[in-house]
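Structure file coords_31.cif; described as mmCIF, C-alpha atoms.
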```
data_entry
loop_
_atom_site.label_atom_id
_atom_site.label_comp_id
_atom_site.auth_asym_id
_atom_site.auth_seq_id
_atom_site.Cartn_x
_atom_site.Cartn_y
_atom_site.Cartn_z
CA MET Q 1 0.00 0.00 0.00
CA ALA Q 2 2.83 2.39 0.89
CA SER Q 3 4.67 1.76 -2.38
CA ILE Q 4 1.50 2.36 -4.41
CA SER Q 5 0.88 5.63 -2.60
CA VAL Q 6 4.48 6.79 -3.11
CA HIS Q 7 4.45 5.95 -6.81
CA SER Q 8 1.18 7.80 -7.31
CA ASN Q 9 2.59 10.81 -5.52
CA VAL Q 10 5.71 10.78 -7.69
CA ILE Q 11 3.49 10.78 -10.75
CA ARG Q 12 1.55 13.72 -9.34
CA ALA Q 13 4.82 15.51 -8.71
CA GLY Q 14 5.60 15.33 -12.42
CA VAL Q 15 2.13 16.63 -13.20
CA VAL Q 16 2.45 19.61 -10.87
CA LEU Q 17 5.69 20.69 -12.57
CA ALA Q 18 3.71 23.31 -14.41
CA GLY Q 19 2.52 24.61 -11.05
CA CYS Q 20 5.79 24.52 -9.14
CA GLY Q 21 6.70 28.16 -8.80
CA ARG Q 22 8.60 29.73 -5.98
CA GLY Q 23 7.48 28.19 -2.72
CA CYS Q 24 6.60 24.84 -4.31
CA PRO Q 25 4.84 22.52 -3.63
CA GLY Q 26 1.26 23.45 -4.33
CA LYS Q 27 1.61 26.93 -5.86
CA ALA Q 28 0.10 26.90 -9.30
CA PHE Q 29 0.47 29.66 -11.86
CA PRO Q 30 -2.96 31.23 -12.42
CA GLY Q 31 -4.70 31.62 -15.73
CA MET Q 32 -2.62 29.20 -17.82
CA THR Q 33 -2.52 25.51 -18.58
CA GLY Q 34 0.46 23.37 -19.46
CA PHE Q 35 3.89 24.89 -18.92
CA ASP Q 36 3.41 28.41 -17.56
CA VAL Q 37 6.03 31.08 -18.09
CA ARG Q 38 6.13 34.09 -15.79
CA SER Q 39 7.54 37.40 -16.99
CA SER Q 40 10.02 37.46 -14.09
CA ASP Q 41 11.34 34.05 -15.10
CA MET Q 42 11.59 35.25 -18.70
CA ARG Q 43 13.69 38.20 -17.60
CA ARG Q 44 15.97 36.02 -15.48
CA SER Q 45 16.56 33.60 -18.35
CA GLY Q 46 17.29 36.37 -20.84
CA LEU Q 47 14.15 35.84 -22.88
CA SER Q 48 13.06 39.46 -22.52
CA ASP Q 49 16.48 40.67 -23.79
CA SER Q 50 15.48 39.59 -27.26
CA ARG Q 51 13.00 42.44 -27.34
CA LYS Q 52 15.77 44.95 -26.55
CA ASN Q 53 17.79 43.68 -29.48
CA GLY Q 54 14.86 44.09 -31.81
CA THR Q 55 14.28 40.33 -32.10
CA ILE Q 56 11.10 38.90 -30.70
CA LEU Q 57 11.05 35.16 -30.16
CA THR Q 58 7.58 33.68 -30.12
CA GLY Q 59 5.97 30.24 -29.98
CA SER Q 60 8.25 27.20 -29.82
CA ALA Q 61 11.43 29.19 -30.44
CA ALA Q 62 10.91 31.32 -27.35
CA MET Q 63 9.91 28.32 -25.31
CA ASN Q 64 12.94 26.30 -26.43
CA ARG Q 65 15.33 29.12 -25.55
CA PHE Q 66 13.61 29.57 -22.20
CA VAL Q 67 13.55 25.91 -21.24
CA THR Q 68 17.05 25.05 -22.44
CA SER Q 69 18.69 27.80 -20.43
CA PRO Q 70 21.19 26.04 -18.10
CA ALA Q 71 20.10 28.13 -15.15
CA ARG Q 72 16.47 27.37 -15.85
CA ILE Q 73 17.15 23.62 -16.13
CA ARG Q 74 18.89 23.59 -12.76
CA SER Q 75 16.00 25.53 -11.24
CA ILE Q 76 13.43 23.14 -12.67
CA PHE Q 77 15.36 20.12 -11.44
CA ARG Q 78 15.60 21.52 -7.91
CA ARG Q 79 11.87 22.20 -7.85
CA ILE Q 80 11.00 18.69 -9.08
CA LEU Q 81 13.28 17.17 -6.45
CA PHE Q 82 11.74 19.30 -3.73
CA CYS Q 83 8.18 18.39 -4.81
CA VAL Q 84 8.98 14.68 -4.90
CA MET Q 85 10.66 14.76 -1.48
CA ALA Q 86 7.74 16.64 0.06
CA LEU Q 87 5.15 14.26 -1.40
CA VAL Q 88 7.10 11.15 -0.39
CA ALA Q 89 7.44 12.49 3.15
CA GLY Q 90 3.69 13.09 3.28
CA SER Q 91 2.97 9.56 2.08
CA ALA Q 92 5.31 8.07 4.65
CA SER Q 93 3.65 9.93 7.48
CA ALA Q 94 0.19 8.87 6.31
CA VAL Q 95 1.19 5.21 6.06
CA SER Q 96 2.93 5.23 9.43
CA ALA Q 97 -0.11 6.61 11.25
CA PRO Q 98 -2.15 3.53 12.18
CA ASN Q 99 -4.84 5.58 13.89
CA ALA Q 100 -5.28 8.07 11.06
CA GLU Q 101 -8.84 9.32 10.83
CA VAL Q 102 -10.94 7.72 8.05
CA PRO Q 103 -12.96 10.25 5.99
CA LEU Q 104 -16.59 10.27 7.09
CA ALA Q 105 -17.92 9.32 3.64
CA MET Q 106 -15.62 6.30 3.49
CA ALA Q 107 -16.52 5.30 7.03
CA ARG Q 108 -20.21 5.32 6.16
CA MET Q 109 -19.61 3.27 3.03
CA SER Q 110 -17.60 0.68 4.95
CA THR Q 111 -20.09 0.38 7.81
CA PRO Q 112 -21.97 -2.93 7.46
CA ALA Q 113 -25.73 -2.77 7.17
CA PRO Q 114 -27.65 -3.73 10.30
CA VAL Q 115 -28.56 -7.38 10.36
CA SER Q 116 -32.19 -8.24 11.06
CA THR Q 117 -32.55 -10.20 14.24
CA PRO Q 118 -35.50 -12.13 15.68
CA GLY Q 119 -37.90 -9.71 17.27
CA SER Q 120 -36.85 -6.71 15.15
CA THR Q 121 -39.39 -4.91 12.98
CA PRO Q 122 -39.60 -6.66 9.60
CA VAL Q 123 -39.38 -4.42 6.54
CA VAL Q 124 -41.49 -4.41 3.39
CA LEU Q 125 -39.47 -2.89 0.56
CA VAL Q 126 -41.46 -1.58 -2.40
CA LEU Q 127 -39.32 -1.30 -5.53
CA GLY Q 128 -41.46 0.44 -8.12
CA ASP Q 129 -41.95 3.23 -10.62
CA SER Q 130 -44.30 6.22 -10.76
CA LEU Q 131 -47.34 4.03 -10.03
CA SER Q 132 -45.90 3.35 -6.58
CA ALA Q 133 -44.07 6.66 -6.15
CA GLY Q 134 -47.36 8.60 -6.11
CA TYR Q 135 -46.83 10.53 -9.33
CA GLY Q 136 -49.10 13.55 -9.61
CA ILE Q 137 -50.64 13.15 -6.15
CA PRO Q 138 -49.53 13.84 -2.57
CA LEU Q 139 -47.17 11.09 -1.51
CA GLN Q 140 -49.15 10.28 1.63
CA GLN Q 141 -52.18 9.47 -0.54
CA GLY Q 142 -50.40 6.89 -2.66
CA TRP Q 143 -51.17 3.19 -2.31
CA VAL Q 144 -47.79 2.47 -0.68
CA SER Q 145 -48.49 4.97 2.08
CA LEU Q 146 -51.95 3.47 2.50
CA LEU Q 147 -50.27 0.07 2.77
CA GLN Q 148 -48.51 1.09 5.97
CA GLN Q 149 -51.86 1.95 7.57
CA ARG Q 150 -53.42 -1.29 6.31
CA ILE Q 151 -50.59 -3.24 7.92
CA ARG Q 152 -51.14 -1.50 11.26
CA ASP Q 153 -54.88 -2.08 11.09
CA SER Q 154 -54.23 -5.78 10.46
CA GLY Q 155 -52.11 -6.06 13.60
CA LEU Q 156 -48.92 -6.80 11.65
CA PRO Q 157 -45.59 -5.30 12.75
CA HIS Q 158 -44.04 -4.56 9.36
CA ARG Q 159 -42.53 -1.22 8.38
CA VAL Q 160 -42.88 -0.11 4.75
CA VAL Q 161 -39.94 1.40 2.87
CA ASN Q 162 -40.96 2.98 -0.43
CA ALA Q 163 -37.97 2.88 -2.80
CA SER Q 164 -40.01 3.70 -5.90
CA ILE Q 165 -38.80 6.24 -8.46
CA SER Q 166 -40.88 7.76 -11.25
CA GLY Q 167 -39.67 6.64 -14.65
CA ASP Q 168 -37.69 3.70 -13.31
CA THR Q 169 -37.22 0.57 -15.42
CA THR Q 170 -36.27 -3.00 -14.60
CA ALA Q 171 -32.65 -2.11 -15.42
CA GLY Q 172 -32.79 0.74 -12.93
CA GLY Q 173 -34.25 -1.60 -10.35
CA LEU Q 174 -31.44 -4.08 -10.91
CA SER Q 175 -28.86 -1.37 -10.28
CA ARG Q 176 -30.56 -0.17 -7.09
CA LEU Q 177 -31.85 -3.35 -5.46
CA PRO Q 178 -28.54 -4.77 -4.12
CA GLY Q 179 -27.85 -1.61 -2.12
CA LEU Q 180 -31.43 -1.49 -0.84
CA LEU Q 181 -31.27 -5.11 0.25
CA GLU Q 182 -28.06 -4.47 2.13
CA SER Q 183 -29.38 -1.32 3.79
CA HIS Q 184 -32.85 -2.52 4.84
CA ARG Q 185 -32.63 -6.34 4.98
CA PRO Q 186 -36.32 -6.58 4.03
CA ALA Q 187 -38.52 -9.52 4.90
CA VAL Q 188 -40.61 -8.92 1.77
CA VAL Q 189 -39.74 -7.20 -1.51
CA VAL Q 190 -42.59 -5.92 -3.69
CA ILE Q 191 -41.38 -5.63 -7.29
CA GLU Q 192 -43.58 -3.24 -9.26
CA LEU Q 193 -41.49 -2.57 -12.35
CA GLY Q 194 -41.74 -3.15 -16.08
CA ALA Q 195 -44.35 -0.60 -17.13
CA ASN Q 196 -41.75 1.86 -18.41
CA ASP Q 197 -39.95 -0.97 -20.21
CA GLY Q 198 -43.20 -1.74 -22.01
CA LEU Q 199 -43.94 1.90 -22.80
CA ARG Q 200 -40.51 2.10 -24.44
CA GLY Q 201 -41.14 -1.02 -26.48
CA PHE Q 202 -38.46 -3.19 -24.87
CA ALA Q 203 -38.42 -6.82 -25.94
CA PRO Q 204 -40.59 -9.01 -23.67
CA GLN Q 205 -37.69 -11.48 -23.38
CA ALA Q 206 -35.45 -8.76 -21.94
CA ILE Q 207 -38.14 -7.72 -19.44
CA THR Q 208 -38.59 -11.36 -18.45
CA ALA Q 209 -34.87 -11.78 -17.81
CA ALA Q 210 -34.69 -8.59 -15.73
CA LEU Q 211 -37.71 -9.46 -13.57
CA THR Q 212 -36.33 -12.96 -13.04
CA GLU Q 213 -33.04 -11.49 -11.85
CA LEU Q 214 -34.85 -9.10 -9.49
CA VAL Q 215 -36.70 -12.03 -7.92
CA ALA Q 216 -33.44 -13.97 -7.61
CA LEU Q 217 -31.68 -11.05 -5.90
CA ALA Q 218 -34.48 -10.74 -3.36
CA ARG Q 219 -34.46 -14.45 -2.61
CA ASP Q 220 -30.69 -14.63 -2.34
CA ALA Q 221 -30.93 -11.94 0.34
CA GLY Q 222 -33.41 -14.06 2.30
CA SER Q 223 -36.47 -12.00 1.32
CA ARG Q 224 -39.83 -13.12 0.03
CA ALA Q 225 -40.79 -11.55 -3.30
CA LEU Q 226 -44.08 -10.32 -4.69
CA LEU Q 227 -44.36 -9.51 -8.39
CA VAL Q 228 -46.89 -6.82 -9.33
CA GLY Q 229 -48.08 -6.79 -12.94
CA VAL Q 230 -49.48 -3.98 -15.07
CA ARG Q 231 -51.11 -3.62 -18.46
CA LEU Q 232 -50.13 -1.31 -21.31
CA PRO Q 233 -52.48 1.19 -22.99
CA PRO Q 234 -54.41 -0.32 -25.91
CA ASN Q 235 -52.60 1.78 -28.51
CA TYR Q 236 -49.52 -0.45 -28.25
CA GLY Q 237 -51.24 -3.12 -30.27
CA ALA Q 238 -52.76 -6.42 -29.21
CA ALA Q 239 -49.73 -8.58 -30.06
CA TYR Q 240 -47.19 -6.62 -28.04
CA SER Q 241 -49.59 -5.87 -25.18
CA GLU Q 242 -50.48 -9.54 -24.75
CA ALA Q 243 -46.82 -10.62 -24.92
CA PHE Q 244 -45.98 -7.98 -22.33
CA GLN Q 245 -48.76 -9.08 -20.01
CA ARG Q 246 -47.67 -12.72 -20.22
CA VAL Q 247 -44.24 -11.74 -18.88
CA TYR Q 248 -45.48 -11.41 -15.30
CA ALA Q 249 -47.44 -14.67 -15.32
CA GLU Q 250 -44.50 -16.57 -16.84
CA VAL Q 251 -41.95 -15.22 -14.38
CA ALA Q 252 -44.27 -15.94 -11.45
CA ALA Q 253 -44.89 -19.50 -12.64
CA ARG Q 254 -41.27 -20.33 -13.43
CA GLN Q 255 -39.90 -18.80 -10.25
CA ASP Q 256 -42.80 -19.93 -8.06
CA VAL Q 257 -43.21 -16.39 -6.77
CA ALA Q 258 -46.33 -14.60 -5.53
CA LEU Q 259 -48.10 -12.46 -8.14
CA ALA Q 260 -50.56 -9.56 -8.03
CA PRO Q 261 -51.39 -9.71 -11.75
CA ARG Q 262 -52.99 -6.31 -12.35
CA LEU Q 263 -52.16 -3.30 -10.24
CA LEU Q 264 -54.61 -1.07 -12.15
CA ASP Q 265 -57.48 -3.57 -12.32
CA GLY Q 266 -60.79 -1.71 -12.11
CA VAL Q 267 -59.02 1.63 -12.43
CA ALA Q 268 -57.36 1.91 -15.85
CA GLU Q 269 -60.68 1.16 -17.55
CA ASP Q 270 -62.34 4.16 -15.91
CA LEU Q 271 -61.03 7.47 -17.29
CA GLY Q 272 -62.53 9.24 -14.29
CA GLN Q 273 -60.02 7.49 -12.03
CA MET Q 274 -57.03 8.37 -14.19
CA GLN Q 275 -55.04 11.56 -14.44
CA PRO Q 276 -55.17 13.50 -17.75
CA ASP Q 277 -52.13 11.60 -19.05
CA GLY Q 278 -54.17 8.40 -19.01
CA LEU Q 279 -51.31 6.51 -17.32
CA HIS Q 280 -51.44 7.42 -13.63
CA PRO Q 281 -54.38 6.96 -11.25
CA VAL Q 282 -55.78 9.86 -9.27
CA ALA Q 283 -55.61 9.95 -5.48
CA ALA Q 284 -59.16 8.62 -5.12
CA ALA Q 285 -58.17 5.44 -6.98
CA GLN Q 286 -55.23 4.56 -4.72
CA PRO Q 287 -57.26 2.43 -2.26
CA GLN Q 288 -58.28 0.23 -5.19
CA LEU Q 289 -54.62 -0.24 -6.15
CA LEU Q 290 -53.91 -1.37 -2.60
CA ASP Q 291 -56.86 -3.76 -2.73
CA ASN Q 292 -55.39 -5.26 -5.90
CA VAL Q 293 -52.06 -5.94 -4.17
CA TRP Q 294 -53.18 -6.87 -0.65
CA PRO Q 295 -54.54 -10.42 -1.27
CA ALA Q 296 -51.17 -11.57 -2.64
CA LEU Q 297 -49.10 -9.57 -0.14
CA ARG Q 298 -50.82 -10.39 3.14
CA PRO Q 299 -49.88 -14.12 3.17
CA LEU Q 300 -46.21 -13.16 2.75
CA LEU Q 301 -46.43 -10.77 5.68
CA GLU Q 302 -48.06 -13.36 7.87
CA GLU Q 303 -45.45 -15.97 6.91
CA THR Q 304 -42.58 -13.69 7.89
CA VAL Q 305 -44.23 -12.94 11.24
CA ALA Q 306 -44.74 -16.66 11.90
CA ILE Q 307 -41.12 -17.49 11.04
CA ASP Q 308 -39.86 -14.63 13.18
CA GLY Q 309 -41.97 -15.85 16.09
CA MET Q 310 -40.64 -19.39 15.68
CA ALA Q 311 -37.10 -18.04 15.74
CA ASP Q 312 -37.89 -16.22 18.98
CA ARG Q 313 -39.26 -19.39 20.56
CA GLU Q 314 -36.30 -21.46 19.38
CA ALA Q 315 -33.92 -18.91 20.85
CA LEU Q 316 -35.66 -19.19 24.22
CA ILE Q 317 -35.65 -22.99 24.13
CA THR Q 318 -31.94 -23.22 23.29
CA THR Q 319 -30.86 -20.54 25.79
CA PRO Q 320 -29.45 -21.96 29.06
CA ALA Q 321 -31.73 -21.38 32.03
CA ASP Q 322 -29.31 -19.07 33.81
CA GLN Q 323 -29.16 -16.82 30.70
CA THR Q 324 -32.84 -16.67 29.87
CA PRO Q 325 -33.98 -13.04 29.79
#
```

Would you kindly transcribe this structure into structure tokens?
Amino acid sequence: MASISVHSNVIRAGVVLAGCGRGCPGKAFPGMTGFDVRSSDMRRSGLSDSRKNGTILTGSAAMNRFVTSPARIRSIFRRILFCVMALVAGSASAVSAPNAEVPLAMARMSTPAPVSTPGSTPVVLVLGDSLSAGYGIPLQQGWVSLLQQRIRDSGLPHRVVNASISGDTTAGGLSRLPGLLESHRPAVVVIELGANDGLRGFAPQAITAALTELVALARDAGSRALLVGVRLPPNYGAAYSEAFQRVYAEVAARQDVALAPRLLDGVAEDLGQMQPDGLHPVAAAQPQLLDNVWPALRPLLEETVAIDGMADREALITTPADQTP
């Protein structure tokens, strides 16, 4: 590690040559890029004398005369040596300080996510697009916010985390889900994605592959998955719309995963329950969206509570009597 740091600093020393003026290191010449020439240096090297003799050297000729001056070469060499020595000394001190403070951003990145333990509040992670992000309506009126209240009313302990983003696709979900799984350790992951893939005309095979991978990621993290399907507007043509709709049923069947087949069932057909864009439901329609998801979601919630309770009981049974809380 120390040798890598020293080598990188030596490289930087060569780069800052253009900025090594008097008082180097770290003093850059303002207003120029590349090799900067100050008027005082020009006078010292005799470059300005050419003007007195009626000869003006410009461009590469002036630069060559300036750089190849013996005095200037010695000065440049001394400055490079000084920069390198200063940077190497700084690297050595950093490497030799075992208790050096880690930057806060790096410390946060390296901090492991909290591990769910028996008895902790299980999390329901909703990974969706604008249909779950409450596009065009107050967020607290969206079906995901209503889900939290439905869970409380049902006597279930789960906490809902809405990780939905308007405009998101299955590819976006794939890039975000690993970090979300690590951060929240959800008991259940609700995957409501694919609508924007369909609106953009993506191949059904590609959408199938992405949804399959999302389900696999959730399962590998120890979460139960629920797939939420949607339909496309009729103007996309019967052939493509039917192929798109089959994606959700096929993934659910092949992966043996729970499915809420139509998020907008009973809503998309009624223009009065849709916003002017014809794609997003109004606030009054959000309870119906929740009703379309709840029958498939509730069994998963109850299963995670039952398993958590069994883990609690097993922990009590296997705990020695003198250590029982």

Expand the PyMOL selection byres ((chain Q and resi 249) around 12) into the explicit residue set it covers here, and present it as a PDB file with C-alpha atoms, keeping the file's coordinate frame.
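Printed below is out_27.pdb as written:
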```pdb
ATOM      1  CA  THR Q 208     -38.590 -11.360 -18.450  1.00  0.00           C
ATOM      2  CA  LEU Q 211     -37.710  -9.460 -13.570  1.00  0.00           C
ATOM      3  CA  THR Q 212     -36.330 -12.960 -13.040  1.00  0.00           C
ATOM      4  CA  LEU Q 226     -44.080 -10.320  -4.690  1.00  0.00           C
ATOM      5  CA  LEU Q 227     -44.360  -9.510  -8.390  1.00  0.00           C
ATOM      6  CA  VAL Q 228     -46.890  -6.820  -9.330  1.00  0.00           C
ATOM      7  CA  GLY Q 229     -48.080  -6.790 -12.940  1.00  0.00           C
ATOM      8  CA  VAL Q 230     -49.480  -3.980 -15.070  1.00  0.00           C
ATOM      9  CA  GLU Q 242     -50.480  -9.540 -24.750  1.00  0.00           C
ATOM     10  CA  ALA Q 243     -46.820 -10.620 -24.920  1.00  0.00           C
ATOM     11  CA  PHE Q 244     -45.980  -7.980 -22.330  1.00  0.00           C
ATOM     12  CA  GLN Q 245     -48.760  -9.080 -20.010  1.00  0.00           C
ATOM     13  CA  ARG Q 246     -47.670 -12.720 -20.220  1.00  0.00           C
ATOM     14  CA  VAL Q 247     -44.240 -11.740 -18.880  1.00  0.00           C
ATOM     15  CA  TYR Q 248     -45.480 -11.410 -15.300  1.00  0.00           C
ATOM     16  CA  GLU Q 250     -44.500 -16.570 -16.840  1.00  0.00           C
ATOM     17  CA  VAL Q 251     -41.950 -15.220 -14.380  1.00  0.00           C
ATOM     18  CA  ALA Q 252     -44.270 -15.940 -11.450  1.00  0.00           C
ATOM     19  CA  ALA Q 253     -44.890 -19.500 -12.640  1.00  0.00           C
ATOM     20  CA  ARG Q 254     -41.270 -20.330 -13.430  1.00  0.00           C
ATOM     21  CA  GLN Q 255     -39.900 -18.800 -10.250  1.00  0.00           C
ATOM     22  CA  ASP Q 256     -42.800 -19.930  -8.060  1.00  0.00           C
ATOM     23  CA  VAL Q 257     -43.210 -16.390  -6.770  1.00  0.00           C
ATOM     24  CA  ALA Q 258     -46.330 -14.600  -5.530  1.00  0.00           C
ATOM     25  CA  LEU Q 259     -48.100 -12.460  -8.140  1.00  0.00           C
ATOM     26  CA  ALA Q 260     -50.560  -9.560  -8.030  1.00  0.00           C
ATOM     27  CA  PRO Q 261     -51.390  -9.710 -11.750  1.00  0.00           C
ATOM     28  CA  ARG Q 262     -52.990  -6.310 -12.350  1.00  0.00           C
TER      29      ARG Q 262
END
```

Using the chain letters and residue numbers of this document, give as a ChimeraX atom specification the residues selected by the PyMOL selection byres ((chain Q and resi 178-187) around 10).
/Q:112-116,121-127,158-161,163,173-177,188-190,214,217-225,300-301,303-305,308

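From atom CA of Q:Asp153 back to atom CA of Q:Ile165, the distance works out to 26.6 Å.
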
Please, what distance in Å, to one decimal, runs between atom CA of Q:Ala268 and atom CA of Q:Pro281?
7.5 Å

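In this model, the gap between atom CA of Q:Asn162 and atom CA of Q:Leu131 comes to 11.6 Å.
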
Reference answer for the PyMOL selection byres ((chain Q and resi 280) around 9), as a list in words:
Ser130, Leu131, Gly134, Tyr135, Gly136, Ala268, Gln273, Met274, Gln275, Pro276, Asp277, Gly278, Leu279, Pro281 and Val282 of chain Q

Show me, as an MDAnalysis selection string, the residues that have an atom within 12 Å of Q:Phe202 when counting only C-alpha atoms, minus same-chain residues fewer than 4 positions from it.
chainID Q and resid 169:171 194:198 206:210 236 240:241 243:244 247

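In terms of minimum interatomic distance to Q:Ser166, Q:Ser132 ranks closest within Q:Ser132, Q:Gln141, Q:Gln286, Q:Gln205, counting only C-alpha atoms.
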